[in-house]
Amino acid sequence: MRAFARLYAAIDETNATNEKVAALVAYFRSVPAADAAWAVHFLSGRRPKRLIASRKLAAWASAEAKLPEWLFEESYQAVGDLAETITLILPDTGSSSDVPLSEWVEQRLIPLRDEEEDVQREVMVRSWRELDRRERFVWNKLITGSFRVGASQRLVVRALAEVSGLDEGVVAHRLMGAWDPTADFFQRLIAPDTGDADVSRPYPFFLAYPLEQDPAALGDVGDWLAEWKWDGIRSQLIRRAGKTFLWSRGEELLAGRFPEVEELGTFLPDGTVIDGELLPWVDGKPLPFAQLQRRIGRKNLGRQILDEVPVVLVAYDLLEQGGEDIRMRPLRERRSFLSRLIEAVPSSGRLLLSPLVPVDTWAAVTRARRSAREMGAEGLLLKRLSSPYRVGRRRGDWWKWKVDPLSVEAVLIYAQGGSGRHAGLFTDYTFGIWDGDHLVPFAKAYSGLTDDEMRRVDQFIRRNTLERFGPVRTVKPELVFELHFEGIQPSTRHKSGIAVRFPRMARWRRDKKAEDADTIETVKSLIRSVPSITTDAADRISP
Amino acid sequence: MPLLSLTPRGLYCEPGDFYVDPWEPVERAVITHAHGDHASWGSRAYLTSEAGLGVLRARLDPLATIRSVRYGETLKLNGVTLSLHPAGHILGSSQVRMVYRGEVWVVSGDYKTDPDPTCTPFEPVRCHTFVTESTFGLPVYRWPSQLSVFDEINAWWRANASVGKTSMLYGYTLGKSQRLIAGLDPSIGPILTHGAVERMTLAYRQAGVSLPLTRYAGTAAQRVESTGAIVVAPPHASGSSWTRRFGAQSTGFASGWMLVRGARRRRALDRGFPLSDHVDWPSLLASIEATGASEVWVTHGFTGPVVRWLTERGLDARAVQTRFEGERDDEVVEGLEPATSAQDDLSL
């Protein structure tokens with residue numbers, strides 16, 4: 001545990017990518033393969049689910065620290081993170097553990113799930129006593145299922161590539177799909193030539209980069225294709241060795257969730273991998289995302305929901321054909337293979353080739369983007385026809401060009417403390433717009449300010465609190481912010497009668513006074529002006 | 001009637017007709033220490049400790065009327081006996097002891113009980129009513145040994161120096177910076193200072209505090225050889241153009257808040273060093289107990305939890321709201337300082 005805690009601290013203590021990678025490389029080289037496998041598992045975001053309820057952990061830690069639970073709660077409010085609060089509140093025992101990570105995980109953490117409460121408590125308290133602060137923090141993070149570290153999967157891949165001498169793409173591919181964090185797995189991960197026996201393994205997704213420049217700067221429009229950017233579940237449909245696998249971009253196997261799409265697998269030749277988007281689709285158009293959400297959580301799918309929300313796969317790309325990895329061939333070619341494949345599949349409309357947006361000039365592209373909302377799309381994707389299918393989010397070949405967000409100016413009226421890196425600061429805000437002579441709550445937003453602005457707003461809130469309701473403060477209505485959001489809908493669940501999707505602060509309008517903020521009439525007129533893509537997706541308020 | 005009462009201008013002693021750390025201009029202000037949330041501009045007359053005279057003058061209008069007394073020396077103000085006692089927070093920081101008709105009151109100001117070579121150590125003062133700060137009044141705040149924090153800082157500096165990086169060490173201009181400088185190991189490399197820090201460091205030296213040699217790092221336009229150096233600068237200089245000329249650098253911030261990871265991460269600095277000039281939770285409770293006070297007023301910080309904790313232990317405790325909710329972040333203190341810009345403003 002000591003080595004892993006030290007690695008965690010090393011990654012946490014620097015902002016320099018190279019130093020993070022160096023720390024990872026040093027770790028992978030120095031620890032047993034079983035530990036390295038678990039480290040890869042955790043660092044690539046495959047954290048365990050919460051094993052023990054927060055409430056119990058808080059109670060046990062308070063008892064161990066001989067403090068009342070209300071004081072634990074106050075401390076938690078200030079720290080904003082359960083694992084860290086427990087770490088800081090417990091007495092330091094002066095001990096530290098060099099028992100390897102794999103033992104901690106396999107012999108303590110995993111068995112905990114099935115233990116009785118008193119055994120769980122005994123194990124937790126014993127562990128806390130054996131670990132120093134740094135180790136205790138990492139341990140608590142694993143127990144609370146909130147293990148995250150400032151190293152993206154990409155850095156882990158880079159480090160593993162350096163350790164193994166393999167190409168980054170090979171490592172990334174080996175990390176896809178399902179695998180068990182064992183010593184054996186780690187050996188195979190860094191081994192020079194393993195035959196990739198796992199038939200279920202998806203390819204790493206290639207993601208488009210947001211376009212922030214004039215598309216004309218991309219060169220000749222004839223070198224590009226344009227597609228709609230849909231708001232569904234990006235997926236890979238795999239057919240290999242007579243079996244079908246449907247993966248989400250979050251690398252979740254969607255077995256049984258979308259039977260109408262999985263059934264298509266039997267029509268695909270062996271050795272086929274299609275990249276596409278799962279969308280609820282009726283009459284040649286997508287339904288709102290919220291409809292898809294009705295399907296996501298469900299394991300038992302009745303006739304009714306399958307009829308109401310039929311899902312299709314809109315295919316973007318073909319990654320494997322006849323068992324051959326064709327990702328390095330140009331998109332132009334892959335797309336024509338894909339088109340031929342789809343024509344040959346009797347899919348009853350459940351497998352569609354992603355429609356191209358006809359564009360001869362950049363001006364036409366710009367016009368098409370403006371009509372994206374009417375199409376039920378979020379914007380456009382621009383892809384270079386000669387592009388290979390790369391790994392991860394890269395600039396250059398694929399760009400996403402979203403429609404401009406909607407915008408409203410609103411007044412800060414309530415504030416609440418943030419958590420995590422915003423702990424102890426008032427960073428969660430509710431904004432109001434004018435309804436006659438009073439401000440009606442309209443949207444909540446947490447993101448969009450710089451750290452410096454956040455501190456300034458925090459200070460303003462502390463000095464201008466009118467009332468406190470538990471953790472919420474009513475603030476003197478004075479600060480005006482420009483809010484951006486993606487969709488706007490009438491809602492019966494919101495006081496203002498309006499719900500917006502993905503609201504965030506675009507800028508702090510210090511030049512405006514509260515009375516300059518928008519009125520409910522102006523905001524409601526936006527609903528009418530925007531052809532809606534989200535009838536009741538309105539309730540899916542971010543984040 | 002209590003000896004002190006809270007007014008819109010701050011804590012007021014009516015029988016003595018003076019304020020303690022008022023936040024608006026008044027006739028007579030007794031100042032516990034020179035930080036911005038305790039020493040505000042514009043009062044007619046100030047009283048502070050002799051040790052703190054230099055730094056307070058450096059912070060206020062140069063023409064301000066400031067009288068000073070030695071620690072422990074008593075003064076009579078309209079029948080109130082007043083004396084100042086070391087608080088261990090920064091150079092010249094004081095607790096204010098007031099006696100009136102046999103009642104003893106003490107206002108702590110900010111204080112710490114950990115050792116600090118740059119100021120006189122905290123002295124517990126017995127009293128009936130104790131007005132205490134509570135900046136770090138939660139049990140999660142327990143300082144690691146401050147010696148080990150200095151070892152960490154020096155090790156970080158040494159490691160940076162060995163790869164040719166400059167160490168940018170951020171800390172409050174007044175107090176923290178000088179304590180940092182005192183704890184640095186000058187054998188590692190040169191110690192450079194931001195102008196605002198250098199000015200306060202000079203005030204410390206003039207008051208007789210012995211500190212390692214420092215060199216003013218100059219304005220943004222000036223070149224300075226900084227290879228292997230450590231630069232001590234105020235937090236607001238972080239990320240400014242002033243820092244660019246120091247080349248490859250690693251950044252660190254020294255503050256009690258750095259004990260908590262979230263506070264460290266939102267600054268996007270490489271390292272946070274939990275070095276505080278305030279009492280942590282155990283020292284806060286021990287200090288309150290040592291006063292023997294039966295009545296405790298809690299101010300500046302986590303007043304709610306501290307009041308509840310004390311009340312549950314049978315003390316008569318109450319929260320006193322000041323304009324400042326405690327030194328939540330450096331801006332509260334530094335933001336109120338007149339004219340210290342990140343762009344540098346030193347005229348030596």
# chains A, B, ... in the order shown; residues from 1 in each chain; ligands from 1
$ residues_around --residues "Val40 (chain A)" --least-positions-apart "6" --cutoff "10 Å" --atoms "only C-alpha atoms" --output "ChimeraX atom specification"
/A:24,28,46,153,156-157,160,175,181,186
$ write_last_selection --atoms "N, CA and C atoms" --output "mmCIF file, in the first residue's frame"
data_model
loop_
_atom_site.group_PDB
_atom_site.id
_atom_site.type_symbol
_atom_site.label_atom_id
_atom_site.label_comp_id
_atom_site.auth_asym_id
_atom_site.auth_seq_id
_atom_site.Cartn_x
_atom_site.Cartn_y
_atom_site.Cartn_z
ATOM 1 N N LEU A 24 4.555 7.000 -12.922
ATOM 2 C CA LEU A 24 3.859 5.762 -13.287
ATOM 3 C C LEU A 24 4.851 4.698 -13.772
ATOM 4 N N PHE A 28 5.374 1.056 -12.165
ATOM 5 C CA PHE A 28 5.151 -0.203 -12.896
ATOM 6 C C PHE A 28 6.419 -1.060 -12.946
ATOM 7 N N ARG A 46 -11.501 2.015 -13.387
ATOM 8 C CA ARG A 46 -12.370 0.879 -13.063
ATOM 9 C C ARG A 46 -12.444 0.739 -11.565
ATOM 10 N N GLN A 153 -6.434 8.058 -18.527
ATOM 11 C CA GLN A 153 -6.090 6.752 -19.066
ATOM 12 C C GLN A 153 -4.954 6.897 -20.077
ATOM 13 N N VAL A 156 -1.663 6.678 -18.415
ATOM 14 C CA VAL A 156 -1.374 5.295 -18.031
ATOM 15 C C VAL A 156 -0.900 4.535 -19.262
ATOM 16 N N VAL A 157 -1.582 4.752 -20.382
ATOM 17 C CA VAL A 157 -1.201 4.091 -21.630
ATOM 18 C C VAL A 157 0.221 4.498 -22.028
ATOM 19 N N LEU A 160 2.683 2.715 -19.793
ATOM 20 C CA LEU A 160 2.773 1.289 -20.104
ATOM 21 C C LEU A 160 3.511 1.071 -21.425
ATOM 22 N N LEU A 175 -6.211 -2.602 -23.370
ATOM 23 C CA LEU A 175 -6.903 -2.186 -22.147
ATOM 24 C C LEU A 175 -8.408 -2.079 -22.338
ATOM 25 N N PRO A 181 -7.837 -7.915 -13.335
ATOM 26 C CA PRO A 181 -6.537 -7.379 -12.907
ATOM 27 C C PRO A 181 -5.704 -8.436 -12.189
ATOM 28 N N PHE A 186 -1.316 -8.512 -16.413
ATOM 29 C CA PHE A 186 -0.315 -7.449 -16.566
ATOM 30 C C PHE A 186 0.847 -7.927 -17.429
#
$ interface_residues --of "chain B" --to "chain A" --cutoff "7 Å" --atoms "only C-alpha atoms" --output "list in words"
Leu138, Pro139, Val140, Val260, Gly262, Ala263, Arg265, Arg266, Asp270, Arg271 and Pro305 of chain B
$ write_last_selection --atoms "C-alpha atoms" --output "compact mmCIF listing (two decimals), in the first residue's frame"
# COMPACT_ATOMS: atom_id res chain seq x y z
CA LEU B 138 -12.53 21.73 13.21
CA PRO B 139 -10.91 18.46 14.22
CA VAL B 140 -9.73 17.76 10.66
CA VAL B 260 -7.02 19.73 2.61
CA GLY B 262 -9.46 20.23 -2.47
CA ALA B 263 -8.03 23.58 -1.40
CA ARG B 265 -6.08 21.30 -6.10
CA ARG B 266 -8.14 24.35 -6.91
CA ASP B 270 2.37 21.52 -7.62
CA ARG B 271 2.72 21.38 -3.86
CA PRO B 305 -18.90 24.04 15.65
$ residues_around --residues "Leu319 (chain A)" --least-positions-apart "3" --cutoff "6 Å" --atoms "only C-alpha atoms" --output "PyMOL selection string"
chain A and resi 273+326-327
$ write_last_selection --atoms "C-alpha atoms" --output "PDB file, in the first residue's frame"
ATOM      1  CA  VAL A 273     -16.842  -4.149 -35.861  1.00  0.00           C
ATOM      2  CA  ILE A 326      -8.986  -1.621 -41.140  1.00  0.00           C
ATOM      3  CA  ARG A 327      -8.661   1.460 -38.912  1.00  0.00           C
TER       4      ARG A 327
END
$ residues_around --residues "Leu77 (chain B)" --least-positions-apart "3" --cutoff "12 Å" --atoms "only C-alpha atoms" --output "list in words"
Cys13, Glu14, Pro15, Gly16, Asp17, Phe18, Tyr19, Arg28, Val30, Leu47, Thr74, Val80, Thr81, Leu82, Ser83, Met98, Val99 and Tyr100 of chain B
$ residues_around --residues "Gly247 (chain B)" --least-positions-apart "6" --cutoff "10 Å" --atoms "only C-alpha atoms" --output "short mmCIF file (atom, residue, chain, number, x, y, z; two decimals) with N, CA and C atoms, in the first residue's frame"
data_model
loop_
_atom_site.label_atom_id
_atom_site.label_comp_id
_atom_site.auth_asym_id
_atom_site.auth_seq_id
_atom_site.Cartn_x
_atom_site.Cartn_y
_atom_site.Cartn_z
N GLY B 164 17.60 22.08 -12.02
CA GLY B 164 17.66 23.40 -12.64
C GLY B 164 16.35 24.18 -12.62
N LYS B 165 15.41 23.77 -11.76
CA LYS B 165 14.14 24.50 -11.70
C LYS B 165 14.17 25.52 -10.58
N THR B 166 13.41 26.60 -10.78
CA THR B 166 13.21 27.58 -9.73
C THR B 166 12.03 27.12 -8.87
N GLU B 225 19.19 36.12 -12.25
CA GLU B 225 19.65 34.73 -12.35
C GLU B 225 18.96 33.93 -11.24
N SER B 226 18.13 32.98 -11.62
CA SER B 226 17.35 32.30 -10.60
C SER B 226 17.57 30.79 -10.58
N THR B 227 18.55 30.33 -11.33
CA THR B 227 18.76 28.88 -11.37
C THR B 227 18.98 28.34 -9.96
#
$ residues_around --residues "Asp116 (chain B)" --least-positions-apart "2" --cutoff "9 Å" --atoms "only C-alpha atoms" --output "list in words"
Gly88, His89, Ile90, Thr113, Asp114, Thr118, Cys119, Thr120, Pro121, Arg179, Ala182 and Asp277 of chain B
$ select_by_dssp --residues "region 300-469 of chain A" --states "alpha helix (DSSP H)" --output "VMD selection string"
chain A and resid 303 to 308 331 to 344 362 to 370 372 to 375 451 to 463
$ write_last_selection --atoms "C-alpha atoms" --output "short mmCIF file (atom, residue, chain, number, x, y, z; two decimals), in the first residue's frame"
data_model
loop_
_atom_site.label_atom_id
_atom_site.label_comp_id
_atom_site.auth_asym_id
_atom_site.auth_seq_id
_atom_site.Cartn_x
_atom_site.Cartn_y
_atom_site.Cartn_z
CA ARG A 303 -43.39 -4.97 -25.34
CA GLN A 304 -44.71 -1.52 -24.55
CA ILE A 305 -41.37 0.19 -23.97
CA LEU A 306 -39.86 -1.53 -27.02
CA ASP A 307 -42.71 -0.16 -29.11
CA GLU A 308 -42.63 3.30 -27.62
CA LEU A 331 -12.41 7.04 -44.03
CA ARG A 332 -13.58 7.29 -47.65
CA GLU A 333 -12.81 3.60 -48.09
CA ARG A 334 -14.14 2.47 -44.71
CA ARG A 335 -17.36 4.29 -45.34
CA SER A 336 -17.93 2.60 -48.69
CA PHE A 337 -17.28 -0.82 -47.11
CA LEU A 338 -19.75 0.13 -44.38
CA SER A 339 -22.36 1.20 -46.87
CA ARG A 340 -22.06 -2.08 -48.78
CA LEU A 341 -22.26 -4.06 -45.54
CA ILE A 342 -25.42 -2.29 -44.41
CA GLU A 343 -27.14 -2.82 -47.74
CA ALA A 344 -26.58 -6.55 -47.34
CA TRP A 362 -18.27 26.03 -46.25
CA ALA A 363 -21.19 28.45 -46.36
CA ALA A 364 -23.49 25.49 -46.87
CA VAL A 365 -21.87 23.75 -43.90
CA THR A 366 -22.50 26.81 -41.78
CA ARG A 367 -26.14 26.88 -42.89
CA ALA A 368 -26.55 23.18 -42.17
CA ARG A 369 -25.23 23.67 -38.67
CA ARG A 370 -27.89 26.27 -38.00
CA ALA A 372 -29.14 21.06 -36.56
CA ARG A 373 -31.67 21.69 -33.79
CA GLU A 374 -34.52 21.10 -36.21
CA MET A 375 -32.96 17.78 -37.18
CA ASP A 451 -10.76 29.90 -9.81
CA ASP A 452 -10.08 33.55 -9.20
CA GLU A 453 -13.65 34.57 -10.04
CA MET A 454 -14.91 31.78 -7.84
CA ARG A 455 -12.99 33.12 -4.86
CA ARG A 456 -14.29 36.59 -5.50
CA VAL A 457 -17.89 35.44 -5.76
CA ASP A 458 -17.36 33.35 -2.61
CA GLN A 459 -16.26 36.46 -0.74
CA PHE A 460 -19.20 38.41 -2.05
CA ILE A 461 -21.56 35.71 -0.80
CA ARG A 462 -19.99 35.65 2.65
CA ARG A 463 -20.41 39.37 3.01
#
$ closest_residue --among "A:Ser387, A:Ser496, A:Thr244, A:Ser407" --to "Ala208 (chain A)" --atoms "only C-alpha atoms"
A:Ser387
$ select_by_dssp --residues "region 321-368 of chain A" --states "strand (DSSP E or B)" --output "number ranges by chain"
A: 321, 324-325, 351-353, 356
$ write_last_selection --atoms "N, CA and C atoms" --output "compact mmCIF listing (two decimals), in the first residue's frame"
# COMPACT_ATOMS: atom_id res chain seq x y z
N GLN A 321 -13.12 -5.64 -40.71
CA GLN A 321 -13.87 -6.30 -41.78
C GLN A 321 -13.18 -7.63 -42.08
N GLU A 324 -10.14 -8.34 -40.21
CA GLU A 324 -8.97 -7.49 -40.40
C GLU A 324 -9.22 -6.10 -39.82
N ASP A 325 -8.25 -5.63 -39.05
CA ASP A 325 -8.32 -4.28 -38.48
C ASP A 325 -8.08 -3.28 -39.60
N LEU A 351 -30.49 -0.81 -38.53
CA LEU A 351 -29.10 -0.44 -38.75
C LEU A 351 -29.07 0.55 -39.91
N LEU A 352 -28.75 1.79 -39.59
CA LEU A 352 -28.79 2.85 -40.60
C LEU A 352 -27.39 3.37 -40.86
N LEU A 353 -27.15 3.72 -42.09
CA LEU A 353 -25.89 4.40 -42.40
C LEU A 353 -26.09 5.87 -42.01
N LEU A 356 -25.29 11.59 -44.63
CA LEU A 356 -24.36 12.69 -44.87
C LEU A 356 -25.14 13.98 -45.02
$ residues_around --residues "Pro235 (chain B)" --least-positions-apart "6" --cutoff "8 Å" --atoms "only C-alpha atoms" --output "PyMOL selection string"
chain B and resi 170-172+253+330
